[in-house]
>>> print(open('model.cif').read())   # mmCIF, C-alpha atoms
data_work
loop_
_atom_site.label_atom_id
_atom_site.label_comp_id
_atom_site.auth_asym_id
_atom_site.auth_seq_id
_atom_site.Cartn_x
_atom_site.Cartn_y
_atom_site.Cartn_z
CA MET A 442 21.52 58.90 -30.79
CA TYR A 443 20.20 57.58 -34.15
CA ASP A 444 22.48 54.52 -34.06
CA TRP A 445 21.40 53.66 -30.53
CA MET A 446 17.71 54.05 -31.35
CA LYS A 447 18.14 51.83 -34.39
CA LYS A 448 19.85 49.16 -32.31
CA ILE A 449 17.18 49.33 -29.58
CA HIS A 450 14.42 49.07 -32.22
CA MET A 451 16.09 46.10 -33.89
CA TYR A 452 17.16 44.14 -30.82
CA ALA A 453 13.87 44.66 -28.97
CA GLY A 454 12.02 43.36 -32.03
CA LEU A 455 14.25 40.32 -32.46
CA LEU A 456 14.06 39.34 -28.79
CA SER A 457 10.26 39.79 -28.61
CA PHE A 458 9.48 38.33 -32.03
CA MET A 459 7.62 35.27 -30.69
CA ALA A 460 5.43 37.41 -28.42
CA PHE A 461 4.44 39.54 -31.41
CA VAL A 462 3.49 36.40 -33.34
CA VAL A 463 1.34 35.20 -30.42
CA TRP A 464 -0.33 38.62 -30.09
CA GLY A 465 -0.92 38.86 -33.83
CA VAL A 466 -2.54 35.42 -34.02
CA THR A 467 -4.62 36.13 -30.90
CA GLY A 468 -5.78 39.49 -32.27
CA ILE A 469 -6.93 37.93 -35.55
CA GLN A 470 -8.70 35.11 -33.72
CA ALA A 471 -10.41 37.50 -31.28
CA VAL A 472 -12.32 39.19 -34.09
CA PHE A 473 -14.04 35.90 -34.93
CA LEU A 474 -14.95 34.93 -31.35
CA PRO A 475 -18.65 34.26 -30.79
CA ALA A 476 -20.90 36.77 -29.07
CA PRO A 477 -21.43 36.43 -25.29
CA GLY A 478 -23.65 33.45 -24.49
CA GLN A 479 -22.90 31.67 -27.76
CA TRP A 480 -19.58 30.16 -26.74
CA GLN A 481 -19.52 26.36 -26.57
CA PRO A 482 -16.82 24.47 -24.61
CA PRO A 483 -14.66 22.00 -26.56
CA PRO A 484 -15.63 18.28 -26.32
CA ILE A 485 -14.26 16.05 -23.55
CA SER A 486 -10.80 14.90 -24.61
CA SER A 487 -9.86 12.76 -21.61
CA GLN A 488 -10.89 11.94 -18.07
CA LYS A 489 -9.22 11.03 -14.79
CA GLU A 490 -10.40 10.01 -11.35
CA PHE A 491 -8.70 10.07 -7.96
CA PRO A 492 -9.77 9.15 -4.42
CA PHE A 493 -10.79 12.00 -2.14
CA GLU A 494 -12.08 12.10 1.43
CA GLY A 495 -14.34 15.11 1.70
CA GLY A 496 -15.39 14.99 5.35
CA GLY A 497 -19.05 15.54 6.12
CA ALA A 498 -18.93 18.89 7.87
CA VAL A 499 -17.62 21.26 5.22
CA ASP A 500 -19.92 23.31 3.00
CA ASP A 501 -19.87 23.08 -0.81
CA LYS A 502 -17.68 26.15 -1.24
CA LYS A 503 -15.00 24.85 1.11
CA LEU A 504 -15.30 21.34 -0.30
CA ALA A 505 -14.84 22.65 -3.85
CA LYS A 506 -11.74 24.56 -2.75
CA ALA A 507 -10.30 21.43 -1.11
CA ILE A 508 -11.01 19.34 -4.24
CA TYR A 509 -9.51 22.02 -6.49
CA GLU A 510 -6.32 22.01 -4.40
CA ALA A 511 -6.19 18.20 -4.29
CA ALA A 512 -6.71 17.89 -8.06
CA ASN A 513 -3.49 19.88 -8.55
CA LEU A 514 -4.39 20.63 -12.16
CA THR A 515 -1.62 21.89 -14.38
CA MET A 516 -1.83 25.41 -15.86
CA ARG A 517 -4.76 26.18 -13.58
CA GLY A 518 -6.28 29.62 -13.28
CA GLY A 519 -9.13 29.40 -10.79
CA TYR A 520 -12.52 27.72 -10.54
CA TYR A 521 -16.12 28.84 -10.72
CA ASN A 522 -19.76 27.78 -11.08
CA ILE A 523 -19.90 25.61 -7.95
CA ARG A 524 -23.18 23.71 -8.13
CA ARG A 525 -24.99 20.41 -7.52
CA ASP A 526 -25.59 18.42 -10.72
CA GLU A 527 -28.75 16.44 -11.56
CA ALA A 528 -27.51 13.46 -9.53
CA GLY A 529 -26.82 15.71 -6.54
CA HIS A 530 -23.05 15.55 -6.89
CA LEU A 531 -20.95 18.58 -6.12
CA ALA A 532 -19.60 19.90 -9.43
CA PHE A 533 -17.62 22.94 -10.53
CA THR A 534 -15.65 24.18 -13.49
CA ALA A 535 -11.92 24.73 -13.25
CA PHE A 536 -10.17 26.97 -15.74
CA SER A 537 -6.86 25.89 -17.17
CA TRP A 538 -4.88 27.75 -19.81
CA ASN A 539 -5.04 24.49 -21.74
CA GLY A 540 -8.82 24.37 -21.61
CA GLN A 541 -11.80 23.90 -19.32
CA ARG A 542 -11.86 21.09 -16.71
CA ASP A 543 -15.21 19.85 -15.37
CA VAL A 544 -14.77 18.52 -11.84
CA THR A 545 -17.36 16.29 -10.12
CA TYR A 546 -17.17 14.84 -6.61
CA LEU A 547 -18.72 11.35 -6.50
CA GLU A 548 -19.39 11.47 -2.78
CA GLU A 549 -20.65 7.90 -2.28
CA GLN A 550 -17.56 6.48 -4.05
CA ARG A 551 -15.29 9.08 -2.40
CA ARG A 552 -13.73 9.83 -5.75
CA VAL A 553 -13.23 12.97 -7.83
CA ARG A 554 -13.77 12.82 -11.59
CA VAL A 555 -12.04 15.39 -13.79
CA GLU A 556 -13.13 15.75 -17.42
CA PHE A 557 -10.58 17.52 -19.59
CA ARG A 558 -11.83 19.71 -22.41
CA ASP A 559 -8.56 20.60 -24.10
CA ALA A 560 -8.63 23.92 -25.93
CA GLY A 561 -7.40 24.34 -29.48
CA LEU A 562 -4.06 25.98 -30.21
CA GLY A 563 -5.71 29.36 -30.88
CA ASP A 564 -7.44 29.44 -27.49
CA PHE A 565 -4.22 28.30 -25.79
CA LEU A 566 -2.28 31.16 -27.41
CA SER A 567 -5.07 33.55 -26.46
CA SER A 568 -4.66 32.52 -22.81
CA MET A 569 -0.88 32.74 -23.01
CA HIS A 570 -1.01 36.28 -24.42
CA THR A 571 -2.63 37.48 -21.18
CA GLY A 572 0.24 36.31 -18.94
CA HIS A 573 2.33 38.81 -16.99
CA SER A 574 4.32 38.95 -13.76
CA ARG A 575 1.13 39.24 -11.66
CA ARG A 576 -1.09 36.93 -13.67
CA GLY A 577 -0.76 33.36 -14.86
CA PRO A 578 -0.75 29.76 -13.70
CA PRO A 579 1.63 28.82 -10.90
CA ASP A 580 3.52 26.37 -13.15
CA LEU A 581 7.16 27.42 -13.63
CA GLN A 582 7.12 27.33 -17.45
CA ALA A 583 4.02 29.55 -17.53
CA ARG A 584 5.58 31.97 -15.02
CA LEU A 585 8.71 32.21 -17.18
CA TRP A 586 6.57 32.81 -20.28
CA SER A 587 4.62 35.52 -18.41
CA TYR A 588 7.83 37.41 -17.58
CA TYR A 589 8.82 37.22 -21.25
CA ASN A 590 5.36 38.44 -22.26
CA GLU A 591 5.58 41.42 -19.89
CA PHE A 592 9.09 42.24 -21.08
CA SER A 593 7.80 42.12 -24.66
CA THR A 594 5.05 44.62 -23.80
CA TRP A 595 7.68 47.14 -22.71
CA ALA A 596 9.79 46.24 -25.75
CA PHE A 597 6.75 46.84 -27.98
CA LEU A 598 6.14 50.32 -26.52
CA LEU A 599 9.83 51.11 -26.97
CA MET A 600 9.70 49.90 -30.57
CA VAL A 601 6.68 52.03 -31.43
CA LEU A 602 8.31 55.17 -30.00
CA SER A 603 11.76 54.44 -31.46
CA GLY A 604 10.09 53.64 -34.79
CA VAL A 605 8.56 57.13 -34.91
CA TYR A 606 11.95 58.60 -34.03
CA LEU A 607 13.67 56.63 -36.82
CA TRP A 608 11.10 57.84 -39.34
CA VAL A 609 11.38 61.49 -38.30
CA ALA A 610 15.19 61.31 -38.09
CA THR A 611 15.68 59.81 -41.55
CA ARG A 612 12.78 60.89 -43.73
CA PRO A 613 10.97 63.82 -42.10
CA GLY A 614 9.83 65.41 -45.36
CA MET A 615 8.40 62.29 -46.99
CA ARG A 616 5.05 63.54 -48.26
CA TRP A 617 3.04 60.30 -48.43
CA ALA A 618 4.18 59.35 -44.93
CA LEU A 619 2.98 62.68 -43.54
CA ILE A 620 -0.37 62.32 -45.34
CA LEU A 621 -0.76 58.76 -44.08
CA SER A 622 0.11 59.82 -40.56
CA GLY A 623 -2.44 62.66 -40.70
CA ALA A 624 -5.14 60.37 -42.10
CA THR A 625 -4.69 57.72 -39.38
CA THR A 626 -4.72 60.47 -36.72
CA LEU A 627 -8.01 61.82 -38.07
CA LEU A 628 -9.55 58.35 -38.28
CA THR A 629 -8.50 57.49 -34.73
CA VAL A 630 -9.82 60.78 -33.32
CA PHE A 631 -13.12 60.26 -35.19
CA LEU A 632 -13.49 56.70 -33.84
CA TRP A 633 -12.58 57.79 -30.31
CA VAL A 634 -15.16 60.60 -30.31
CA ALA A 635 -17.82 58.28 -31.79
CA THR A 636 -17.10 55.72 -29.08
CA ARG A 637 -16.98 58.13 -26.11
CA MET B 188 13.98 45.26 -52.58
CA PHE B 189 15.44 46.78 -49.40
CA ARG B 190 13.85 50.15 -50.19
CA LEU B 191 10.48 48.54 -50.90
CA MET B 192 10.51 46.59 -47.65
CA ARG B 193 11.63 49.68 -45.73
CA ASN B 194 8.68 51.61 -47.15
CA VAL B 195 6.24 48.77 -46.42
CA HIS B 196 7.58 48.66 -42.85
CA LEU B 197 7.08 52.43 -42.52
CA ILE B 198 3.58 52.32 -44.06
CA LEU B 199 2.50 49.57 -41.65
CA GLY B 200 4.07 51.41 -38.72
CA LEU B 201 2.26 54.64 -39.57
CA LEU B 202 -1.04 52.92 -40.31
CA PHE B 203 -1.08 51.13 -36.98
CA PHE B 204 0.74 53.62 -34.76
CA PHE B 205 -2.32 54.51 -32.67
CA TYR B 206 -3.48 50.90 -32.61
CA ALA B 207 -0.03 49.84 -31.37
CA MET B 208 -0.01 52.57 -28.71
CA LEU B 209 -3.52 51.54 -27.64
CA PHE B 210 -2.45 47.94 -27.13
CA ALA B 211 0.87 48.79 -25.48
CA LEU B 212 -0.64 51.28 -23.02
CA SER B 213 -3.70 49.14 -22.25
CA SER B 214 -1.50 46.08 -21.65
CA LEU B 215 0.67 48.06 -19.23
CA THR B 216 -2.50 49.34 -17.54
CA ILE B 217 -3.71 45.76 -17.06
CA ILE B 218 -0.34 44.72 -15.62
CA TYR B 219 0.12 47.68 -13.28
CA ARG B 220 -3.55 48.39 -12.50
CA PRO B 221 -3.11 47.84 -8.73
CA MET B 222 -0.51 50.64 -8.67
CA LEU B 223 -2.55 53.07 -10.76
CA LYS B 224 -5.28 55.18 -9.26
CA LEU B 225 -7.73 54.94 -12.13
CA ARG B 226 -10.60 57.39 -12.22
CA ARG B 227 -14.17 56.27 -12.75
CA ASP B 228 -17.12 58.66 -12.80
CA SER B 229 -20.57 57.44 -11.83
CA GLU B 230 -23.89 59.18 -12.09
CA GLU B 231 -27.42 58.16 -11.36
CA ARG B 232 -30.62 59.51 -12.85
CA THR B 233 -34.28 58.61 -13.02
CA LEU B 234 -36.46 58.98 -16.11
CA GLN B 235 -40.12 58.52 -16.87
CA VAL B 236 -40.69 56.27 -19.88
CA ALA B 237 -44.24 55.51 -20.96
CA THR B 238 -45.05 51.78 -20.75
CA GLU B 239 -46.06 51.62 -24.43
CA LYS B 240 -42.49 52.58 -25.28
CA ALA B 241 -41.14 49.85 -23.02
CA ILE B 242 -43.08 46.79 -24.23
CA THR B 243 -39.83 44.84 -24.52
CA PRO B 244 -36.35 45.57 -23.07
CA ARG B 245 -35.13 46.19 -26.62
CA ALA B 246 -37.89 48.75 -27.23
CA LEU B 247 -37.03 50.50 -23.97
CA ALA B 248 -33.31 50.46 -24.84
CA LEU B 249 -34.11 51.93 -28.25
CA GLU B 250 -36.16 54.69 -26.63
CA LEU B 251 -33.29 55.51 -24.24
CA MET B 252 -30.81 55.56 -27.12
CA GLN B 253 -32.98 57.73 -29.37
CA HIS B 254 -34.18 60.26 -26.83
CA HIS B 255 -31.87 60.12 -23.83
CA GLU B 256 -28.37 60.20 -25.32
CA MET B 257 -27.49 56.63 -24.48
CA LYS B 258 -25.53 54.44 -26.88
CA GLY B 259 -23.97 50.99 -26.88
CA ASP B 260 -24.78 47.28 -27.00
CA LEU B 261 -27.83 45.97 -25.17
CA ARG B 262 -26.97 42.99 -22.95
CA ASP B 263 -27.61 41.06 -19.72
CA ILE B 264 -31.41 41.37 -19.90
CA LYS B 265 -33.02 40.04 -16.71
CA GLN B 266 -36.50 39.99 -15.22
CA ASP B 267 -36.23 40.64 -11.49
CA GLY B 268 -39.73 40.39 -10.04
CA GLU B 269 -41.61 43.29 -11.58
CA ALA B 270 -38.44 45.10 -12.58
CA ILE B 271 -36.66 44.68 -15.91
CA ARG B 272 -32.88 45.04 -15.75
CA PHE B 273 -30.41 45.36 -18.58
CA VAL B 274 -27.12 46.95 -19.49
CA ILE B 275 -26.27 49.33 -22.32
CA ALA B 276 -22.51 49.23 -22.77
CA ARG B 277 -19.86 50.58 -25.07
CA PRO B 278 -16.09 50.69 -24.56
CA GLY B 279 -15.46 52.86 -21.52
CA THR B 280 -19.09 53.45 -20.55
CA GLN B 281 -21.69 51.18 -19.00
CA SER B 282 -25.24 52.05 -18.01
CA ASP B 283 -27.20 49.73 -15.72
CA VAL B 284 -30.89 50.26 -16.37
CA THR B 285 -33.73 49.16 -14.07
CA TYR B 286 -37.31 49.75 -15.23
CA TRP B 287 -40.51 49.37 -13.24
CA PRO B 288 -43.57 49.15 -15.54
CA SER B 289 -46.00 49.98 -12.71
CA THR B 290 -44.47 53.42 -12.15
CA ALA B 291 -43.03 53.80 -15.69
CA GLU B 292 -39.78 54.78 -14.00
CA ALA B 293 -36.32 53.93 -15.32
CA LYS B 294 -33.37 54.24 -12.97
CA ILE B 295 -30.07 54.57 -14.84
CA LYS B 296 -26.67 54.19 -13.21
CA THR B 297 -23.88 55.19 -15.61
CA HIS B 298 -20.21 54.39 -15.00
CA ARG B 299 -17.73 56.24 -17.17
CA GLU B 300 -14.13 55.05 -17.18
CA GLY B 301 -11.09 57.30 -17.58
CA PHE B 302 -8.69 57.27 -20.53
CA LEU B 303 -6.54 54.25 -19.60
CA GLU B 304 -9.40 51.97 -18.59
CA THR B 305 -11.22 52.88 -21.82
CA LEU B 306 -8.11 51.73 -23.68
CA VAL B 307 -8.38 48.41 -21.81
CA HIS B 308 -12.03 48.10 -22.93
CA LEU B 309 -10.98 48.75 -26.53
CA HIS B 310 -8.20 46.14 -26.14
CA THR B 311 -10.67 43.49 -24.99
CA ASN B 312 -13.43 44.54 -27.40
CA HIS B 313 -13.82 41.69 -29.87
CA GLY B 314 -16.14 40.26 -32.49
CA LEU B 315 -18.12 41.82 -35.31
CA TRP B 316 -21.54 41.13 -33.76
CA HIS B 317 -22.02 44.46 -31.98
CA ASP B 318 -25.13 46.61 -32.38
CA PHE B 319 -22.91 49.57 -31.56
CA LEU B 320 -21.11 50.24 -34.85
CA PRO B 321 -17.92 51.89 -33.49
CA ALA B 322 -17.28 48.69 -31.50
CA ASN B 323 -17.32 46.75 -34.79
CA ALA B 324 -14.98 49.35 -36.30
CA TRP B 325 -12.51 48.88 -33.42
CA SER B 326 -12.71 45.11 -33.92
CA LEU B 327 -12.01 45.50 -37.61
CA LEU B 328 -9.07 47.74 -36.75
CA SER B 329 -7.91 45.03 -34.37
CA LEU B 330 -8.03 42.46 -37.18
CA LEU B 331 -6.08 44.69 -39.56
CA GLY B 332 -3.66 45.76 -36.83
CA SER B 333 -2.95 42.17 -35.81
CA ALA B 334 -2.25 41.19 -39.41
CA GLY B 335 -0.16 44.37 -39.65
CA LEU B 336 1.81 43.36 -36.56
CA LEU B 337 2.70 40.02 -38.16
CA LEU B 338 3.74 41.78 -41.39
CA LEU B 339 5.77 44.32 -39.40
CA GLY B 340 7.55 41.37 -37.80
CA VAL B 341 8.32 39.71 -41.13
CA THR B 342 9.49 42.93 -42.84
CA GLY B 343 11.45 43.82 -39.70
CA ILE B 344 13.30 40.51 -39.84
CA TYR B 345 14.12 41.15 -43.51
CA LEU B 346 15.39 44.68 -42.79
CA TRP B 347 17.56 43.42 -39.92
CA PHE B 348 19.05 40.72 -42.15
CA CYS B 349 20.02 43.37 -44.72
CA HIS B 350 22.22 45.07 -42.09
CA LYS B 351 25.28 42.83 -42.49
CA GLU B 352 27.09 44.30 -39.46
CA GLU B 353 24.10 43.38 -37.25
CA ARG B 354 23.66 39.82 -38.47
CA VAL B 355 25.73 37.99 -35.86
CA ILE B 356 24.47 39.78 -32.76
CA GLY B 357 20.95 39.86 -34.19
CA PHE B 358 21.05 36.14 -34.86
CA VAL B 359 22.17 35.49 -31.27
CA ILE B 360 19.35 37.69 -29.86
CA LEU B 361 16.73 36.15 -32.15
CA THR B 362 17.86 32.61 -31.27
CA VAL B 363 17.83 33.33 -27.53
CA GLY B 364 14.35 34.89 -27.76
CA LEU B 365 12.90 32.12 -29.91
CA THR B 366 14.47 29.28 -27.92
CA TYR B 367 13.29 30.68 -24.59
CA SER B 368 9.77 31.59 -25.68
CA LEU B 369 9.10 28.48 -27.78
CA THR B 370 10.38 26.22 -24.99
CA MET B 371 8.04 27.87 -22.48
CA LEU B 372 5.12 27.69 -24.90
CA VAL B 373 5.66 24.02 -25.72
CA LEU B 374 6.18 23.09 -22.04
CA SER B 375 3.02 25.00 -21.10
CA ARG B 376 0.99 23.42 -23.89
CA THR B 377 2.07 19.89 -22.98
CA ALA B 378 1.79 20.37 -19.19
#
>>> encode(input="model.cif", output="structure tokens")
Amino acid sequence: MYDWMKKIHMYAGLLSFMAFVVWGVTGIQAVFLPAPGQWQPPPISSQKEFPFEGGGAVDDKKLAKAIYEAANLTMRGGYYNIRRDEAGHLAFTAFSWNGQRDVTYLEEQRRVRVEFRDAGLGDFLSSMHTGHSRRGPPDLQARLWSYYNEFSTWAFLLMVLSGVYLWVATRPGMRWALILSGATTLLTVFLWVATR
Amino acid sequence: MFRLMRNVHLILGLLFFFYAMLFALSSLTIIYRPMLKLRRDSEERTLQVATEKAITPRALALELMQHHEMKGDLRDIKQDGEAIRFVIARPGTQSDVTYWPSTAEAKIKTHREGFLETLVHLHTNHGLWHDFLPANAWSLLSLLGSAGLLLLGVTGIYLWFCHKEERVIGFVILTVGLTYSLTMLVLSRTA
């Protein structure tokens, strides 16, 4: 039993190592995120335009959906904030795991302009850490990452539980470990009660 | 050296056991939420709050926190005609408050999540800007736990490498994991 637990603990950790790095970096970065309402999008990094025939009869919501589909943005994850800008153009924001994309339909020119606001590496990793089998961009590479990320979540749970087993099986009477374990239990219970 | 690293690995594991369980369970809750029947209690109540104690939304929120057992961060303040609306939220509990100065009446709708959904709130709780101090404490724990996770990874790699009989198979597993994950990350980043 001990040998098997040790192997599971070791192999699960080695296979999921990269996911743990991504989660660790994301967790550190999350602490320094700005408060709601203070977030500023990154600057425009590039821009592209493509022709698009909107048709006069559709409403803004349907038109935005058609433009979003036609834009075929990579690593996309939905769109929001459909609006008319100061010039009266239909505009909306598309979310990509690589950063925000501002989409504007220049109706008189029958063209769509997409402004790319590429996210930094930290924000990219933060997006990637949320991927799982039911969530993520449709792109194949992102789907494959999401499966790995979900597998790593299970591996992580297994590692935590097997880690406790390995401790208890090898060094059950270690005094400082028992004290440390008791102290973290007390702290967690205190924080939980204070929060609830 | 092996003994030292083994002890460091154990210390980190014990320090962040609950944090690790919180993140593992909340992540699985997020993934399998559609299959879980998560419980959420809601209650509604109406209070009388004198207008002089509700000059600003913050003053009203303070009054509710001091005398009506509410706690959390004040956010989403809106003026809706005569009514003032805002939210007092903490991980797992959210109260939507609507106050009418003309009647001095505050209607409070409180939603209280169950255990798993509260874990999800703690998972997504971030920043050190909260008025609600326990939320800052959870964020700080998140910072330490994330650094701890990285250190657990590094010490874990060292401990594996010290097991000579596991080096070959471990190297194969590590290479497969790194190659697969890094390839997907790079392809996603450059897409």
>>> residues_around(input="model.cif", residues="Glu269 of chain B", least_positions_apart="6", cutoff="10 Å", atoms="all atoms listed in the file", output="ChimeraX atom specification")
/B:286-289
>>> closest_atom_pairs(input="model.cif", of="chain A", to="chain B", cutoff="6 Å", atoms="all atoms listed in the file", output="CSV")
residue,atom,partner,partner_atom,distance
A:Leu455,CA,B:Leu361,CA,4.9
A:Leu456,CA,B:Gly364,CA,4.6
A:Gly465,CA,B:Ser333,CA,4.4
A:Gly468,CA,B:Ser333,CA,5.3
A:Ile469,CA,B:Leu330,CA,4.9
A:Ala471,CA,B:His313,CA,5.6
A:Val472,CA,B:Gly314,CA,4.3
A:Phe473,CA,B:Gly314,CA,5.4
A:Leu474,CA,B:Gly314,CA,5.6
A:Gln582,CA,B:Met371,CA,5.1
A:Ala583,CA,B:Ser375,CA,5.9
A:Trp586,CA,B:Met371,CA,5.6
A:Leu598,CA,B:Ala211,CA,5.6
A:Ser622,CA,B:Leu201,CA,5.7
A:Thr636,CA,B:Pro321,CA,5.9
>>> atom_distance(input="model.cif", atom1="atom CA of Leu599 of chain A", atom2="atom CA of Phe461 of chain A")
13.5 Å
>>> atom_distance(input="model.cif", atom1="atom CA of Asn590 of chain A", atom2="atom CA of Ser457 of chain A")
8.1 Å
>>> resolve_selection(input="model.cif", expression="the PyMOL selection byres ((chain A and resi 553) around 12)", output="ChimeraX atom specification")
/A:488-495,504-505,507-513,530-533,543-552,554-556
>>> atom_distance(input="model.cif", atom1="atom CA of Gly519 of chain A", atom2="atom CA of Glu304 of chain B")
23.9 Å
>>> residues_near_point(input="model.cif", point="(4.4, 43.8, -15.6)", cutoff="10 Å", atoms="all atoms listed in the file", output="PyMOL selection string")
(chain A and resi 572-576+587-595) or (chain B and resi 214-220)
>>> write_last_selection(input="model.cif", atoms="C-alpha atoms", output="CSV table (one decimal), in the frame of the given file")
chain,number,residue,atom,x,y,z
A,572,GLY,CA,0.2,36.3,-18.9
A,573,HIS,CA,2.3,38.8,-17.0
A,574,SER,CA,4.3,39.0,-13.8
A,575,ARG,CA,1.1,39.2,-11.7
A,576,ARG,CA,-1.1,36.9,-13.7
A,587,SER,CA,4.6,35.5,-18.4
A,588,TYR,CA,7.8,37.4,-17.6
A,589,TYR,CA,8.8,37.2,-21.2
A,590,ASN,CA,5.4,38.4,-22.3
A,591,GLU,CA,5.6,41.4,-19.9
A,592,PHE,CA,9.1,42.2,-21.1
A,593,SER,CA,7.8,42.1,-24.7
A,594,THR,CA,5.0,44.6,-23.8
A,595,TRP,CA,7.7,47.1,-22.7
B,214,SER,CA,-1.5,46.1,-21.6
B,215,LEU,CA,0.7,48.1,-19.2
B,216,THR,CA,-2.5,49.3,-17.5
B,217,ILE,CA,-3.7,45.8,-17.1
B,218,ILE,CA,-0.3,44.7,-15.6
B,219,TYR,CA,0.1,47.7,-13.3
B,220,ARG,CA,-3.6,48.4,-12.5
>>> closest_residue(input="model.cif", among="B:Asp283, B:Asp260, B:Arg190, B:Leu225", to="Leu306 of chain B", atoms="only C-alpha atoms")
B:Leu225
>>> decode(input="model.cif", residues="segment 511-526 of chain A", atoms="N, CA, C and O atoms", output="PDB file, in the first residue's frame")
ATOM      1  N   ALA A 511     -18.212  35.709 -37.900  1.00  0.00           N
ATOM      2  CA  ALA A 511     -17.418  35.953 -39.120  1.00  0.00           C
ATOM      3  C   ALA A 511     -15.973  36.305 -38.787  1.00  0.00           C
ATOM      4  O   ALA A 511     -15.066  35.963 -39.545  1.00  0.00           O
ATOM      5  N   ALA A 512     -15.762  36.979 -37.656  1.00  0.00           N
ATOM      6  CA  ALA A 512     -14.398  37.393 -37.285  1.00  0.00           C
ATOM      7  C   ALA A 512     -13.509  36.178 -36.996  1.00  0.00           C
ATOM      8  O   ALA A 512     -12.296  36.238 -37.177  1.00  0.00           O
ATOM      9  N   ASN A 513     -14.155  35.081 -36.551  1.00  0.00           N
ATOM     10  CA  ASN A 513     -13.451  33.833 -36.298  1.00  0.00           C
ATOM     11  C   ASN A 513     -12.159  34.055 -35.494  1.00  0.00           C
ATOM     12  O   ASN A 513     -11.081  33.589 -35.868  1.00  0.00           O
ATOM     13  N   LEU A 514     -12.297  34.775 -34.399  1.00  0.00           N
ATOM     14  CA  LEU A 514     -11.125  35.099 -33.576  1.00  0.00           C
ATOM     15  C   LEU A 514     -10.563  33.836 -32.929  1.00  0.00           C
ATOM     16  O   LEU A 514     -11.327  32.961 -32.516  1.00  0.00           O
ATOM     17  N   THR A 515      -9.252  33.792 -32.820  1.00  0.00           N
ATOM     18  CA  THR A 515      -8.647  32.628 -32.168  1.00  0.00           C
ATOM     19  C   THR A 515      -8.777  32.776 -30.651  1.00  0.00           C
ATOM     20  O   THR A 515      -8.829  33.888 -30.131  1.00  0.00           O
ATOM     21  N   MET A 516      -8.825  31.664 -29.968  1.00  0.00           N
ATOM     22  CA  MET A 516      -8.879  31.605 -28.493  1.00  0.00           C
ATOM     23  C   MET A 516     -10.039  32.416 -27.922  1.00  0.00           C
ATOM     24  O   MET A 516      -9.944  33.002 -26.854  1.00  0.00           O
ATOM     25  N   ARG A 517     -11.145  32.461 -28.671  1.00  0.00           N
ATOM     26  CA  ARG A 517     -12.258  33.315 -28.244  1.00  0.00           C
ATOM     27  C   ARG A 517     -13.065  32.664 -27.117  1.00  0.00           C
ATOM     28  O   ARG A 517     -13.142  31.441 -27.010  1.00  0.00           O
ATOM     29  N   GLY A 518     -13.672  33.552 -26.326  1.00  0.00           N
ATOM     30  CA  GLY A 518     -14.458  33.061 -25.189  1.00  0.00           C
ATOM     31  C   GLY A 518     -15.679  33.912 -24.940  1.00  0.00           C
ATOM     32  O   GLY A 518     -16.009  34.212 -23.802  1.00  0.00           O
ATOM     33  N   GLY A 519     -16.347  34.335 -26.027  1.00  0.00           N
ATOM     34  CA  GLY A 519     -17.594  35.088 -25.871  1.00  0.00           C
ATOM     35  C   GLY A 519     -17.431  36.577 -26.153  1.00  0.00           C
ATOM     36  O   GLY A 519     -16.309  37.059 -26.351  1.00  0.00           O
ATOM     37  N   TYR A 520     -18.560  37.273 -26.185  1.00  0.00           N
ATOM     38  CA  TYR A 520     -18.537  38.711 -26.439  1.00  0.00           C
ATOM     39  C   TYR A 520     -19.587  39.384 -25.568  1.00  0.00           C
ATOM     40  O   TYR A 520     -20.522  38.744 -25.110  1.00  0.00           O
ATOM     41  N   TYR A 521     -19.396  40.676 -25.344  1.00  0.00           N
ATOM     42  CA  TYR A 521     -20.288  41.395 -24.445  1.00  0.00           C
ATOM     43  C   TYR A 521     -20.247  42.888 -24.760  1.00  0.00           C
ATOM     44  O   TYR A 521     -19.504  43.329 -25.640  1.00  0.00           O
ATOM     45  N   ASN A 522     -21.035  43.650 -23.994  1.00  0.00           N
ATOM     46  CA  ASN A 522     -21.071  45.113 -24.121  1.00  0.00           C
ATOM     47  C   ASN A 522     -21.366  45.571 -25.553  1.00  0.00           C
ATOM     48  O   ASN A 522     -20.632  46.381 -26.125  1.00  0.00           O
ATOM     49  N   ILE A 523     -22.459  45.056 -26.118  1.00  0.00           N
ATOM     50  CA  ILE A 523     -22.871  45.478 -27.466  1.00  0.00           C
ATOM     51  C   ILE A 523     -23.437  46.894 -27.346  1.00  0.00           C
ATOM     52  O   ILE A 523     -24.308  47.155 -26.512  1.00  0.00           O
ATOM     53  N   ARG A 524     -22.931  47.786 -28.170  1.00  0.00           N
ATOM     54  CA  ARG A 524     -23.320  49.206 -28.015  1.00  0.00           C
ATOM     55  C   ARG A 524     -23.154  49.934 -29.346  1.00  0.00           C
ATOM     56  O   ARG A 524     -22.634  49.367 -30.312  1.00  0.00           O
ATOM     57  N   ARG A 525     -23.568  51.186 -29.389  1.00  0.00           N
ATOM     58  CA  ARG A 525     -23.279  52.086 -30.509  1.00  0.00           C
ATOM     59  C   ARG A 525     -22.246  53.086 -30.019  1.00  0.00           C
ATOM     60  O   ARG A 525     -22.435  53.699 -28.966  1.00  0.00           O
ATOM     61  N   ASP A 526     -21.139  53.253 -30.771  1.00  0.00           N
ATOM     62  CA  ASP A 526     -20.115  54.197 -30.313  1.00  0.00           C
ATOM     63  C   ASP A 526     -20.507  55.635 -30.683  1.00  0.00           C
ATOM     64  O   ASP A 526     -21.592  55.866 -31.224  1.00  0.00           O
TER      65      ASP A 526
END
